[in-house]
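Undergrad: Structure file target32.cif (mmCIF, N, CA and C atoms) is given on the next line.
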data_upload
#
loop_
_atom_site.group_PDB
_atom_site.id
_atom_site.type_symbol
_atom_site.label_atom_id
_atom_site.label_comp_id
_atom_site.auth_asym_id
_atom_site.auth_seq_id
_atom_site.Cartn_x
_atom_site.Cartn_y
_atom_site.Cartn_z
ATOM 1 N N MET Q 72 70.158 -70.122 -74.305
ATOM 2 C CA MET Q 72 69.813 -69.992 -75.702
ATOM 3 C C MET Q 72 70.108 -68.565 -76.156
ATOM 4 N N SER Q 73 70.952 -68.426 -77.129
ATOM 5 C CA SER Q 73 71.336 -67.124 -77.643
ATOM 6 C C SER Q 73 70.549 -66.822 -78.920
ATOM 7 N N VAL Q 74 69.903 -65.688 -78.924
ATOM 8 C CA VAL Q 74 69.113 -65.287 -80.088
ATOM 9 C C VAL Q 74 69.786 -64.085 -80.732
ATOM 10 N N MET Q 75 70.057 -64.191 -82.020
ATOM 11 C CA MET Q 75 70.655 -63.061 -82.744
ATOM 12 C C MET Q 75 69.553 -62.055 -83.065
ATOM 13 N N ALA Q 76 69.903 -60.790 -82.959
ATOM 14 C CA ALA Q 76 68.942 -59.736 -83.269
ATOM 15 C C ALA Q 76 68.694 -59.690 -84.774
ATOM 16 N N GLU Q 77 67.456 -59.438 -85.131
ATOM 17 C CA GLU Q 77 67.106 -59.269 -86.539
ATOM 18 C C GLU Q 77 66.970 -57.778 -86.820
ATOM 19 N N TYR Q 78 67.459 -57.372 -87.970
ATOM 20 C CA TYR Q 78 67.408 -55.965 -88.352
ATOM 21 C C TYR Q 78 66.735 -55.807 -89.701
ATOM 22 N N THR Q 79 66.160 -54.640 -89.894
ATOM 23 C CA THR Q 79 65.685 -54.227 -91.202
ATOM 24 C C THR Q 79 66.577 -53.063 -91.631
ATOM 25 N N TYR Q 80 66.836 -52.957 -92.910
ATOM 26 C CA TYR Q 80 67.805 -51.985 -93.411
ATOM 27 C C TYR Q 80 67.160 -50.975 -94.336
ATOM 28 N N LEU Q 81 67.719 -49.779 -94.346
ATOM 29 C CA LEU Q 81 67.287 -48.701 -95.224
ATOM 30 C C LEU Q 81 68.536 -48.117 -95.867
ATOM 31 N N ILE Q 82 68.554 -48.042 -97.188
ATOM 32 C CA ILE Q 82 69.704 -47.507 -97.907
ATOM 33 C C ILE Q 82 69.334 -46.141 -98.477
ATOM 34 N N LEU Q 83 70.151 -45.159 -98.170
ATOM 35 C CA LEU Q 83 69.979 -43.810 -98.703
ATOM 36 C C LEU Q 83 71.160 -43.508 -99.612
ATOM 37 N N ARG Q 84 70.888 -42.925 -100.749
ATOM 38 C CA ARG Q 84 71.957 -42.509 -101.659
ATOM 39 C C ARG Q 84 71.856 -40.992 -101.802
ATOM 40 N N LEU Q 85 72.931 -40.325 -101.465
ATOM 41 C CA LEU Q 85 72.960 -38.871 -101.559
ATOM 42 C C LEU Q 85 73.883 -38.470 -102.702
ATOM 43 N N PRO Q 86 73.426 -37.577 -103.562
ATOM 44 C CA PRO Q 86 74.251 -37.176 -104.708
ATOM 45 C C PRO Q 86 75.432 -36.312 -104.270
ATOM 46 N N ARG Q 87 76.413 -36.240 -105.141
ATOM 47 C CA ARG Q 87 77.553 -35.384 -104.828
ATOM 48 C C ARG Q 87 77.062 -33.949 -104.726
ATOM 49 N N GLY Q 88 77.750 -33.183 -103.961
ATOM 50 C CA GLY Q 88 77.309 -31.813 -103.732
ATOM 51 C C GLY Q 88 76.436 -31.681 -102.503
ATOM 52 N N THR Q 89 75.971 -32.793 -101.947
ATOM 53 C CA THR Q 89 75.207 -32.750 -100.708
ATOM 54 C C THR Q 89 76.191 -32.430 -99.589
ATOM 55 N N SER Q 90 75.904 -31.404 -98.840
ATOM 56 C CA SER Q 90 76.839 -30.999 -97.786
ATOM 57 C C SER Q 90 76.846 -32.014 -96.651
ATOM 58 N N ARG Q 91 77.912 -32.005 -95.912
ATOM 59 C CA ARG Q 91 78.034 -32.890 -94.749
ATOM 60 C C ARG Q 91 76.950 -32.561 -93.733
ATOM 61 N N ASP Q 92 76.648 -31.275 -93.579
ATOM 62 C CA ASP Q 92 75.619 -30.844 -92.633
ATOM 63 C C ASP Q 92 74.237 -31.350 -93.051
ATOM 64 N N ALA Q 93 73.939 -31.301 -94.355
ATOM 65 C CA ALA Q 93 72.646 -31.796 -94.852
ATOM 66 C C ALA Q 93 72.532 -33.313 -94.638
ATOM 67 N N ALA Q 94 73.611 -34.037 -94.868
ATOM 68 C CA ALA Q 94 73.611 -35.488 -94.650
ATOM 69 C C ALA Q 94 73.399 -35.799 -93.170
ATOM 70 N N ARG Q 95 74.045 -35.031 -92.300
ATOM 71 C CA ARG Q 95 73.898 -35.223 -90.855
ATOM 72 C C ARG Q 95 72.460 -34.965 -90.415
ATOM 73 N N ARG Q 96 71.846 -33.893 -90.935
ATOM 74 C CA ARG Q 96 70.452 -33.590 -90.584
ATOM 75 C C ARG Q 96 69.513 -34.715 -91.016
ATOM 76 N N LEU Q 97 69.728 -35.236 -92.228
ATOM 77 C CA LEU Q 97 68.887 -36.321 -92.734
ATOM 78 C C LEU Q 97 68.995 -37.564 -91.842
ATOM 79 N N MET Q 98 70.231 -37.926 -91.474
ATOM 80 C CA MET Q 98 70.422 -39.103 -90.618
ATOM 81 C C MET Q 98 69.861 -38.869 -89.217
ATOM 82 N N THR Q 99 69.975 -37.646 -88.711
ATOM 83 C CA THR Q 99 69.440 -37.326 -87.390
ATOM 84 C C THR Q 99 67.927 -37.461 -87.372
ATOM 85 N N GLU Q 100 67.259 -36.994 -88.422
ATOM 86 C CA GLU Q 100 65.803 -37.120 -88.501
ATOM 87 C C GLU Q 100 65.379 -38.584 -88.523
ATOM 88 N N HIS Q 101 66.075 -39.403 -89.319
ATOM 89 C CA HIS Q 101 65.740 -40.826 -89.365
ATOM 90 C C HIS Q 101 65.966 -41.484 -88.008
ATOM 91 N N ALA Q 102 67.007 -41.080 -87.308
ATOM 92 C CA ALA Q 102 67.304 -41.670 -86.000
ATOM 93 C C ALA Q 102 66.263 -41.262 -84.960
ATOM 94 N N GLU Q 103 65.919 -39.978 -84.918
ATOM 95 C CA GLU Q 103 65.006 -39.489 -83.895
ATOM 96 C C GLU Q 103 63.567 -39.931 -84.115
ATOM 97 N N TYR Q 104 63.109 -39.892 -85.363
ATOM 98 C CA TYR Q 104 61.699 -40.150 -85.623
ATOM 99 C C TYR Q 104 61.415 -41.559 -86.117
ATOM 100 N N GLY Q 105 62.413 -42.250 -86.650
ATOM 101 C CA GLY Q 105 62.178 -43.589 -87.174
ATOM 102 C C GLY Q 105 62.866 -44.694 -86.397
ATOM 103 N N GLY Q 106 63.724 -44.324 -85.453
ATOM 104 C CA GLY Q 106 64.417 -45.335 -84.673
ATOM 105 C C GLY Q 106 65.573 -45.998 -85.409
ATOM 106 N N TRP Q 107 66.076 -45.365 -86.464
ATOM 107 C CA TRP Q 107 67.166 -45.935 -87.252
ATOM 108 C C TRP Q 107 68.505 -45.594 -86.619
ATOM 109 N N GLU Q 108 69.498 -46.460 -86.843
ATOM 110 C CA GLU Q 108 70.867 -46.186 -86.422
ATOM 111 C C GLU Q 108 71.797 -46.417 -87.606
ATOM 112 N N LEU Q 109 72.926 -45.741 -87.580
ATOM 113 C CA LEU Q 109 73.883 -45.840 -88.681
ATOM 114 C C LEU Q 109 74.565 -47.202 -88.647
ATOM 115 N N ASP Q 110 74.543 -47.891 -89.768
ATOM 116 C CA ASP Q 110 75.235 -49.180 -89.900
ATOM 117 C C ASP Q 110 76.514 -48.997 -90.707
ATOM 118 N N ARG Q 111 76.400 -48.359 -91.866
ATOM 119 C CA ARG Q 111 77.572 -48.104 -92.731
ATOM 120 C C ARG Q 111 77.376 -46.811 -93.493
ATOM 121 N N LEU Q 112 78.493 -46.159 -93.751
ATOM 122 C CA LEU Q 112 78.472 -44.970 -94.589
ATOM 123 C C LEU Q 112 79.657 -45.074 -95.538
ATOM 124 N N ARG Q 113 79.383 -44.899 -96.812
ATOM 125 C CA ARG Q 113 80.444 -44.991 -97.817
ATOM 126 C C ARG Q 113 80.470 -43.692 -98.602
ATOM 127 N N LEU Q 114 81.624 -43.071 -98.662
ATOM 128 C CA LEU Q 114 81.818 -41.862 -99.450
ATOM 129 C C LEU Q 114 82.597 -42.258 -100.692
ATOM 130 N N TYR Q 115 81.997 -42.045 -101.861
ATOM 131 C CA TYR Q 115 82.610 -42.440 -103.124
ATOM 132 C C TYR Q 115 83.525 -41.336 -103.642
ATOM 133 N N PRO Q 116 84.477 -41.694 -104.506
ATOM 134 C CA PRO Q 116 85.416 -40.699 -105.048
ATOM 135 C C PRO Q 116 84.736 -39.530 -105.777
ATOM 136 N N ASP Q 117 83.543 -39.780 -106.341
ATOM 137 C CA ASP Q 117 82.854 -38.689 -107.048
ATOM 138 C C ASP Q 117 82.111 -37.752 -106.088
ATOM 139 N N GLY Q 118 82.133 -38.060 -104.783
ATOM 140 C CA GLY Q 118 81.503 -37.194 -103.792
ATOM 141 C C GLY Q 118 80.133 -37.656 -103.349
ATOM 142 N N SER Q 119 79.571 -38.682 -103.996
ATOM 143 C CA SER Q 119 78.268 -39.174 -103.566
ATOM 144 C C SER Q 119 78.439 -40.059 -102.323
ATOM 145 N N ARG Q 120 77.340 -40.234 -101.601
ATOM 146 C CA ARG Q 120 77.364 -41.026 -100.379
ATOM 147 C C ARG Q 120 76.320 -42.137 -100.438
ATOM 148 N N ARG Q 121 76.646 -43.270 -99.842
ATOM 149 C CA ARG Q 121 75.700 -44.368 -99.666
ATOM 150 C C ARG Q 121 75.637 -44.615 -98.169
ATOM 151 N N ILE Q 122 74.454 -44.427 -97.608
ATOM 152 C CA ILE Q 122 74.270 -44.550 -96.166
ATOM 153 C C ILE Q 122 73.357 -45.742 -95.908
ATOM 154 N N GLN Q 123 73.798 -46.646 -95.057
ATOM 155 C CA GLN Q 123 72.994 -47.809 -94.693
ATOM 156 C C GLN Q 123 72.600 -47.654 -93.229
ATOM 157 N N LEU Q 124 71.292 -47.574 -93.001
ATOM 158 C CA LEU Q 124 70.746 -47.467 -91.658
ATOM 159 C C LEU Q 124 70.087 -48.795 -91.301
ATOM 160 N N ARG Q 125 70.007 -49.072 -90.010
ATOM 161 C CA ARG Q 125 69.333 -50.298 -89.580
ATOM 162 C C ARG Q 125 68.510 -50.012 -88.338
ATOM 163 N N ARG Q 126 67.499 -50.857 -88.122
ATOM 164 C CA ARG Q 126 66.759 -50.834 -86.862
ATOM 165 C C ARG Q 126 66.316 -52.244 -86.537
ATOM 166 N N LYS Q 127 66.208 -52.502 -85.262
ATOM 167 C CA LYS Q 127 65.876 -53.824 -84.795
ATOM 168 C C LYS Q 127 64.426 -54.165 -85.115
ATOM 169 N N VAL Q 128 64.208 -55.409 -85.519
ATOM 170 C CA VAL Q 128 62.856 -55.913 -85.726
ATOM 171 C C VAL Q 128 62.386 -56.449 -84.380
ATOM 172 N N ILE Q 129 61.277 -55.913 -83.918
ATOM 173 C CA ILE Q 129 60.746 -56.339 -82.629
ATOM 174 C C ILE Q 129 59.562 -57.261 -82.881
ATOM 175 N N ARG Q 130 59.715 -58.490 -82.473
ATOM 176 C CA ARG Q 130 58.658 -59.483 -82.631
ATOM 177 C C ARG Q 130 57.874 -59.574 -81.327
ATOM 178 N N GLN Q 131 56.569 -59.505 -81.449
ATOM 179 C CA GLN Q 131 55.736 -59.651 -80.265
ATOM 180 C C GLN Q 131 55.401 -61.108 -80.062
ATOM 181 N N THR Q 132 55.448 -61.533 -78.831
ATOM 182 C CA THR Q 132 55.059 -62.909 -78.521
ATOM 183 C C THR Q 132 53.728 -62.894 -77.809
ATOM 184 N N ARG Q 133 52.956 -63.899 -78.090
ATOM 185 C CA ARG Q 133 51.619 -63.998 -77.506
ATOM 186 C C ARG Q 133 51.746 -64.462 -76.067
ATOM 187 N N THR Q 134 51.052 -63.772 -75.175
ATOM 188 C CA THR Q 134 51.015 -64.196 -73.775
ATOM 189 C C THR Q 134 49.595 -64.656 -73.460
ATOM 190 N N PHE Q 135 49.521 -65.626 -72.616
ATOM 191 C CA PHE Q 135 48.197 -66.180 -72.262
ATOM 192 C C PHE Q 135 47.792 -65.784 -70.865
#
For this file, produce the structure as structure tokens.

TA:
Amino acid sequence: MSVMAEYTYLILRLPRGTSRDAARRLMTEHAEYGGWELDRLRLYPDGSRRIQLRRKVIRQTRTF
């Protein structure tokens, strides 16, 4: 039986002018402290960024 992983998503929008280093720091903090991983990153022509992070949903099962 194959079970597909379930994820929850977080979308961050960074305005243009946000440095690459600042964006990296923000994503690193979310990864280290929130357990998020990068799913997609889109850089728009105006310089703004849309970052989609995801993390696995962990379901607990009852044991007897």

Undergrad: Take atom CA of Thr89 of chain Q and atom CA of Asp117 of chain Q and report the distance between them in Å, one decimal.

TA: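 Distance reported for this atom pair: 11.6 Å.
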
Undergrad: To one decimal in Å, tell me the separation between atom CA of Tyr115 of chain Q and atom CA of Glu100 of chain Q.

TA: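 Interatomic distance here is 22.9 Å.
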
Undergrad: So which residues of chain Q fall under helix (DSSP H, G or I) by DSSP, listed as a list in words?

TA: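 The helix (DSSP H, G or I) residues within chain Q come out as Arg91, Asp92, Ala93, Ala94, Arg95, Arg96, Leu97, Met98, Thr99, Glu100, His101, Ala102, Glu103, Tyr104 and Gly105 of chain Q.
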
Undergrad: Interatomic distance between atom CA of Arg113 of chain Q and atom CA of Val128 of chain Q?

TA: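 A separation of 24.0 Å between them.
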
Undergrad: Go through the shown structure with the PyMOL selection byres ((chain Q and resi 83) around 6.5) and write out the matching residues as a ChimeraX atom specification.

TA: /Q:81-82,84-85,120-124

Undergrad: Looking only at the backbone, which of the residues in chain Q does DSSP tag as strand (DSSP E), as a PyMOL selection string?

TA: chain Q and resi 78-85+108-114+120-127

Undergrad: Taking only C-alpha atoms into account, which of Q:Glu103, Q:Pro86, Q:Thr134, Q:Arg95 comes nearest Pro116 of chain Q?

TA: Q:Pro86

Undergrad: For the file shown, report as a PyMOL selection string the outcome of the PyMOL selection byres ((chain Q and resi 78) around 6) at residue level.

TA: chain Q and resi 76-77+79-80+126-128

Undergrad: Let's have the selection written as a JSON list (two decimals), keeping the file's coordinate frame, with N, CA and C atoms.

TA:
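Output below, filename part_20.json:
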[["chain", "number", "residue", "atom", "x", "y", "z"],
["Q", 76, "ALA", "N", 69.90, -60.79, -82.96],
["Q", 76, "ALA", "CA", 68.94, -59.74, -83.27],
["Q", 76, "ALA", "C", 68.69, -59.69, -84.77],
["Q", 77, "GLU", "N", 67.46, -59.44, -85.13],
["Q", 77, "GLU", "CA", 67.11, -59.27, -86.54],
["Q", 77, "GLU", "C", 66.97, -57.78, -86.82],
["Q", 79, "THR", "N", 66.16, -54.64, -89.89],
["Q", 79, "THR", "CA", 65.68, -54.23, -91.20],
["Q", 79, "THR", "C", 66.58, -53.06, -91.63],
["Q", 80, "TYR", "N", 66.84, -52.96, -92.91],
["Q", 80, "TYR", "CA", 67.81, -51.98, -93.41],
["Q", 80, "TYR", "C", 67.16, -50.98, -94.34],
["Q", 126, "ARG", "N", 67.50, -50.86, -88.12],
["Q", 126, "ARG", "CA", 66.76, -50.83, -86.86],
["Q", 126, "ARG", "C", 66.32, -52.24, -86.54],
["Q", 127, "LYS", "N", 66.21, -52.50, -85.26],
["Q", 127, "LYS", "CA", 65.88, -53.82, -84.80],
["Q", 127, "LYS", "C", 64.43, -54.16, -85.12],
["Q", 128, "VAL", "N", 64.21, -55.41, -85.52],
["Q", 128, "VAL", "CA", 62.86, -55.91, -85.73],
["Q", 128, "VAL", "C", 62.39, -56.45, -84.38]]

Undergrad: Starting from the displayed file, determine the output of the PyMOL selection byres ((chain Q and resi 108) around 6.5) and express the residue list as a PyMOL selection string.

TA: chain Q and resi 101-102+106-107+109-110+123-126
